[in-house]
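Just final_27.csv here, CSV, C-alpha atoms:
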```csv
chain,number,residue,atom,x,y,z
L,279,MET,CA,50.2,-28.8,-39.1
L,280,SER,CA,46.7,-27.8,-40.4
L,281,VAL,CA,44.3,-25.9,-38.3
L,282,THR,CA,40.6,-26.4,-38.6
L,283,VAL,CA,38.8,-23.1,-38.6
L,284,LYS,CA,35.3,-23.3,-37.3
L,285,LYS,CA,32.8,-21.6,-39.6
L,286,PRO,CA,30.6,-18.9,-38.0
L,287,ARG,CA,27.0,-20.0,-37.5
L,288,THR,CA,24.4,-18.6,-39.8
L,289,ARG,CA,21.5,-16.4,-38.7
L,290,ILE,CA,19.2,-19.4,-39.0
L,291,GLN,CA,21.5,-21.6,-37.0
L,292,ARG,CA,21.7,-19.0,-34.2
L,293,LYS,CA,18.0,-18.6,-34.3
L,294,ASN,CA,17.3,-22.4,-34.0
L,295,THR,CA,19.9,-22.8,-31.3
L,296,GLN,CA,18.3,-20.1,-29.2
L,297,ALA,CA,14.8,-21.6,-29.9
L,298,ILE,CA,16.0,-25.0,-28.7
L,299,LEU,CA,17.5,-23.5,-25.5
L,300,ASP,CA,14.4,-21.4,-24.8
L,301,ALA,CA,12.1,-24.4,-25.3
L,302,ALA,CA,14.3,-26.7,-23.2
L,303,LEU,CA,14.3,-24.1,-20.4
L,304,GLU,CA,10.5,-24.2,-20.4
L,305,VAL,CA,10.3,-28.0,-20.5
L,306,PHE,CA,13.1,-28.6,-17.9
L,307,SER,CA,11.7,-26.1,-15.5
L,308,ARG,CA,8.3,-27.7,-15.8
L,309,GLN,CA,9.2,-31.4,-16.0
L,310,GLY,CA,12.7,-31.6,-14.5
L,311,PHE,CA,15.6,-33.3,-16.3
L,312,ARG,CA,14.2,-36.8,-15.9
L,313,GLY,CA,10.7,-36.0,-16.9
L,314,ALA,CA,11.8,-33.9,-20.0
L,315,THR,CA,12.2,-35.6,-23.4
L,316,LEU,CA,13.8,-34.5,-26.6
L,317,ASP,CA,10.4,-34.9,-28.3
L,318,GLN,CA,8.9,-32.4,-25.9
L,319,ILE,CA,11.7,-29.9,-26.4
L,320,ALA,CA,11.6,-30.2,-30.2
L,321,SER,CA,7.8,-29.7,-30.2
L,322,GLU,CA,8.1,-26.7,-27.9
L,323,ALA,CA,10.8,-25.3,-30.2
L,324,GLY,CA,8.7,-25.9,-33.3
L,325,LEU,CA,11.4,-28.2,-34.8
L,326,SER,CA,11.6,-31.8,-35.7
L,327,LYS,CA,13.6,-34.1,-33.4
L,328,PRO,CA,16.2,-34.8,-36.1
L,329,ASN,CA,16.6,-31.1,-36.6
L,330,LEU,CA,17.1,-30.6,-32.9
L,331,LEU,CA,19.8,-33.4,-32.9
L,332,TYR,CA,21.7,-31.5,-35.5
L,333,TYR,CA,22.4,-28.8,-33.0
L,334,PHE,CA,22.6,-30.8,-29.8
L,335,PRO,CA,23.6,-34.5,-29.6
L,336,SER,CA,21.6,-35.3,-26.5
L,337,LYS,CA,19.2,-34.0,-23.8
L,338,GLU,CA,22.1,-33.8,-21.4
L,339,ALA,CA,24.0,-31.5,-23.8
L,340,ILE,CA,21.2,-29.1,-23.9
L,341,HIS,CA,20.8,-29.2,-20.1
L,342,VAL,CA,24.5,-28.6,-19.5
L,343,THR,CA,24.5,-25.6,-21.9
L,344,LEU,CA,21.6,-24.1,-20.0
L,345,LEU,CA,23.2,-24.7,-16.6
L,346,THR,CA,26.5,-23.2,-17.8
L,347,GLN,CA,24.8,-20.1,-19.1
L,348,LEU,CA,22.9,-19.9,-15.8
L,349,MET,CA,26.0,-20.1,-13.6
L,350,THR,CA,27.5,-17.1,-15.4
L,351,THR,CA,24.3,-15.0,-14.9
L,352,TRP,CA,23.8,-16.2,-11.3
L,353,LEU,CA,27.3,-15.5,-10.2
L,354,ASP,CA,27.8,-12.1,-11.8
L,355,PRO,CA,26.3,-10.1,-8.8
L,356,LEU,CA,28.6,-11.9,-6.4
L,357,ARG,CA,31.6,-11.3,-8.6
L,358,ASP,CA,30.7,-7.6,-8.6
L,359,MET,CA,30.9,-7.3,-4.8
L,360,ASP,CA,33.7,-4.7,-4.4
L,361,ALA,CA,36.1,-5.1,-1.5
L,362,GLY,CA,36.8,-1.3,-1.8
L,363,GLY,CA,33.2,-0.3,-1.6
L,364,ASP,CA,31.0,0.5,1.3
L,365,PRO,CA,30.4,-2.9,3.0
L,366,ALA,CA,26.7,-2.4,3.8
L,367,ALA,CA,25.9,-1.0,0.4
L,368,GLU,CA,27.8,-3.8,-1.3
L,369,ILE,CA,25.9,-6.5,0.6
L,370,LEU,CA,22.5,-4.9,0.2
L,371,THR,CA,23.2,-4.4,-3.5
L,372,TYR,CA,23.9,-8.1,-3.8
L,373,VAL,CA,20.6,-8.9,-2.0
L,374,ARG,CA,18.7,-6.6,-4.4
L,375,ARG,CA,20.4,-8.0,-7.5
L,376,LYS,CA,19.7,-11.6,-6.4
L,377,LEU,CA,16.1,-10.7,-5.9
L,378,GLU,CA,16.0,-9.2,-9.3
L,379,LEU,CA,17.3,-12.4,-10.8
L,380,SER,CA,14.5,-14.3,-9.1
L,381,ARG,CA,12.1,-11.9,-10.7
L,382,ASP,CA,13.6,-11.9,-14.2
L,383,PHE,CA,14.8,-15.6,-14.4
L,384,PRO,CA,12.3,-17.7,-12.4
L,385,ARG,CA,12.5,-20.7,-14.8
L,386,GLU,CA,16.3,-20.6,-14.6
L,387,SER,CA,16.1,-20.6,-10.8
L,388,ARG,CA,13.8,-23.7,-10.9
L,389,LEU,CA,16.2,-25.4,-13.4
L,390,PHE,CA,19.1,-24.9,-11.0
L,391,ALA,CA,17.0,-26.0,-8.0
L,392,ASN,CA,16.0,-29.2,-9.8
L,393,GLU,CA,19.6,-30.0,-10.6
L,394,ILE,CA,20.7,-29.5,-7.0
L,395,LEU,CA,17.8,-31.7,-5.7
L,396,GLN,CA,19.0,-34.5,-7.9
L,397,GLY,CA,22.5,-34.3,-6.4
L,398,ALA,CA,24.0,-31.9,-9.1
L,399,PRO,CA,25.2,-34.8,-11.4
L,400,ARG,CA,25.9,-32.3,-14.2
L,401,MET,CA,27.1,-29.4,-12.1
L,402,ILE,CA,29.1,-30.8,-9.2
L,403,GLU,CA,32.5,-29.9,-10.8
L,404,ALA,CA,31.3,-26.2,-11.2
L,405,LEU,CA,30.0,-26.2,-7.6
L,406,GLU,CA,33.2,-27.6,-6.2
L,407,GLY,CA,35.3,-25.4,-8.4
L,408,GLU,CA,34.2,-22.1,-9.8
L,409,LEU,CA,31.4,-21.5,-7.2
L,410,ARG,CA,33.4,-22.6,-4.2
L,411,ASP,CA,36.4,-20.4,-5.3
L,412,LEU,CA,34.2,-17.4,-5.7
L,413,VAL,CA,32.4,-17.9,-2.4
L,414,GLU,CA,35.8,-18.3,-0.6
L,415,GLU,CA,37.1,-15.1,-2.3
L,416,LYS,CA,34.0,-13.0,-1.2
L,417,SER,CA,33.9,-14.6,2.2
L,418,ALA,CA,37.4,-13.4,2.8
L,419,VAL,CA,36.2,-9.9,1.9
L,420,ILE,CA,33.3,-10.0,4.3
L,421,ARG,CA,35.5,-11.4,7.0
L,422,ASP,CA,37.9,-8.5,6.5
L,423,TRP,CA,35.0,-6.0,6.8
L,424,ALA,CA,33.9,-7.6,10.0
L,425,LYS,CA,37.4,-7.6,11.5
L,426,ALA,CA,37.7,-3.9,10.6
L,427,GLY,CA,34.4,-3.2,12.5
L,428,LYS,CA,32.6,-2.1,9.4
L,429,ILE,CA,29.9,-4.7,9.7
L,430,ALA,CA,28.8,-7.1,12.4
L,431,ASP,CA,30.9,-10.3,13.0
L,432,VAL,CA,28.8,-12.6,10.9
L,433,ASP,CA,29.8,-16.0,9.4
L,434,PRO,CA,30.4,-15.0,5.7
L,435,HIS,CA,29.5,-18.4,4.3
L,436,HIS,CA,26.1,-18.5,6.1
L,437,LEU,CA,25.4,-14.9,5.2
L,438,ILE,CA,25.8,-15.7,1.5
L,439,PHE,CA,23.7,-18.9,2.0
L,440,SER,CA,21.0,-16.9,3.7
L,441,ILE,CA,20.9,-14.4,0.8
L,442,TRP,CA,20.6,-17.2,-1.7
L,443,ALA,CA,17.8,-18.9,0.3
L,444,LEU,CA,15.8,-15.7,1.0
L,445,THR,CA,15.9,-14.4,-2.6
L,446,GLN,CA,15.6,-17.6,-4.7
L,447,HIS,CA,12.7,-18.7,-2.6
L,448,TYR,CA,10.5,-16.2,-4.4
L,449,ALA,CA,11.2,-17.9,-7.7
L,450,ASP,CA,11.3,-21.6,-6.6
L,451,PHE,CA,8.2,-21.3,-4.4
L,452,ASP,CA,6.3,-18.7,-6.4
L,453,VAL,CA,3.1,-20.7,-6.4
L,454,GLN,CA,3.2,-21.2,-2.6
L,455,VAL,CA,4.0,-17.5,-1.9
L,456,ARG,CA,1.2,-16.2,-4.1
L,457,ALA,CA,-1.3,-18.8,-2.7
L,458,VAL,CA,-0.5,-17.6,0.9
L,459,LEU,CA,-0.5,-13.9,0.1
L,460,GLY,CA,-3.6,-14.0,-2.0
L,461,PRO,CA,-4.5,-11.7,-4.9
L,462,GLY,CA,-3.5,-8.1,-5.0
L,463,HIS,CA,0.1,-8.7,-3.9
L,464,ASP,CA,3.4,-8.3,-5.7
L,465,PRO,CA,5.6,-10.7,-3.7
L,466,LEU,CA,9.0,-9.6,-5.1
L,467,ALA,CA,8.3,-5.9,-4.8
L,468,GLU,CA,7.1,-6.3,-1.2
L,469,ALA,CA,10.1,-8.6,-0.4
L,470,GLY,CA,12.6,-5.9,-1.4
L,471,GLY,CA,12.1,-3.6,1.6
L,472,PHE,CA,11.7,-6.4,4.1
L,473,LEU,CA,15.0,-8.1,3.0
L,474,GLU,CA,16.8,-4.8,3.0
L,475,THR,CA,15.7,-4.1,6.6
L,476,LEU,CA,16.5,-7.7,7.7
L,477,PHE,CA,20.0,-7.7,6.3
L,478,THR,CA,20.7,-4.1,7.4
L,479,LYS,CA,19.9,-5.2,11.0
L,480,LEU,CA,22.0,-8.4,10.7
L,481,ILE,CA,25.2,-6.7,9.4
L,482,ARG,CA,25.0,-3.4,11.4
L,483,PRO,CA,28.0,-3.2,13.7
L,484,GLU,CA,27.3,-3.3,17.4
```
Encoded form (structure tokens):
Amino acid sequence: MSVTVKKPRTRIQRKNTQAILDAALEVFSRQGFRGATLDQIASEAGLSKPNLLYYFPSKEAIHVTLLTQLMTTWLDPLRDMDAGGDPAAEILTYVRRKLELSRDFPRESRLFANEILQGAPRMIEALEGELRDLVEEKSAVIRDWAKAGKIADVDPHHLIFSIWALTQHYADFDVQVRAVLGPGHDPLAEAGGFLETLFTKLIRPE
């Protein structure tokens, strides 16, 4: 039986692939999946449409690649929550890292939000599989901490949902936040201390 060995990509191929993904991220985060076109992505990447199609067969293929990469980045802080660590420190570290992701990856956050608002047609398997499994695993850890009296008796699922909502808001609604605060504010820097205080009070054992 013969085995087909996949040739490693050249430097130019790697460069063009990354240029396409960067361009698509910009276009998708601005236009949404439905509003984005291959022509827009190719133009943003500085490539012809036929050249783009050499690397990706469709708009959906580019979108799925971006979402897959995003899921890995987005879930790493939750994966790193250590059952053997100090519970309050582990939870507050997760809050801080999620806020940092909103600061460093705002376009990716909006890409994810747009996908969810459309019913997650390209991500539902990952949400019902990888994401659910990880949340269940970490919810069990949080539940054990609460049972041991190390943190307050909080619903672990809704604690995680609250962290997502209160951190990703600063990426997804950046324009609104800045419009309300006005000039001279750094929303994410200011949010850090507030969220740490908020979650510290929420999880402090009675």
Can you work out which one of L:Thr478, L:Thr315, L:Thr445, L:Gln347 has the shortest atom-to-atom distance to Ile369 of chain L, counting all atoms listed in the file?
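Comparing L:Thr478, L:Thr315, L:Thr445, L:Gln347 against Ile369 of chain L, the winner is L:Thr478.
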Measuring atom to atom with all atoms listed in the file, identify which of L:Ile420, L:Leu316, L:Ile394, L:Ala457 is nearest to Glu368 of chain L.
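So, comparing all the options, the nearest one is L:Ile420.
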Nearest residue to Met401 of chain L from the set L:Thr346, L:Gln454, L:Thr295, L:Ser380 (distances using only C-alpha atoms)
L:Thr346
Given all atoms listed in the file as the basis, pick out the residue of L:Gly460, L:Lys479, L:Ala430, L:Trp423 nearest to Asp364 of chain L.
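Of L:Gly460, L:Lys479, L:Ala430, L:Trp423, the one nearest Asp364 of chain L is L:Trp423, counting all atoms listed in the file.
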Have a look at L:Arg308, L:Arg388, L:Arg375, L:Lys428 and name the one nearest to Gly362 of chain L; count only C-alpha atoms.
L:Lys428
So that I can see what lies close to Glu304 of chain L, please list as a ChimeraX atom specification the residues with an atom at most 9 Å from it, counting all atoms listed in the file and leaving out residues fewer than 3 positions away in the same chain.
/L:299-301,307-309,319,322,385-386
For those residues, write C-alpha atoms to a file as a JSON list (two decimals), in the frame of the given file.
```json
[["chain", "number", "residue", "atom", "x", "y", "z"],
["L", 299, "LEU", "CA", 17.50, -23.50, -25.50],
["L", 300, "ASP", "CA", 14.40, -21.40, -24.80],
["L", 301, "ALA", "CA", 12.10, -24.40, -25.30],
["L", 307, "SER", "CA", 11.70, -26.10, -15.50],
["L", 308, "ARG", "CA", 8.30, -27.70, -15.80],
["L", 309, "GLN", "CA", 9.20, -31.40, -16.00],
["L", 319, "ILE", "CA", 11.70, -29.90, -26.40],
["L", 322, "GLU", "CA", 8.10, -26.70, -27.90],
["L", 385, "ARG", "CA", 12.50, -20.70, -14.80],
["L", 386, "GLU", "CA", 16.30, -20.60, -14.60]]
```
Expected residue set, 10 Å radius at (16.9, -12.2, -9.4), all atoms listed in the file, as a PyMOL selection string:
chain L and resi 351-352+355+372-384+386-387+442+445-446+448-449+466
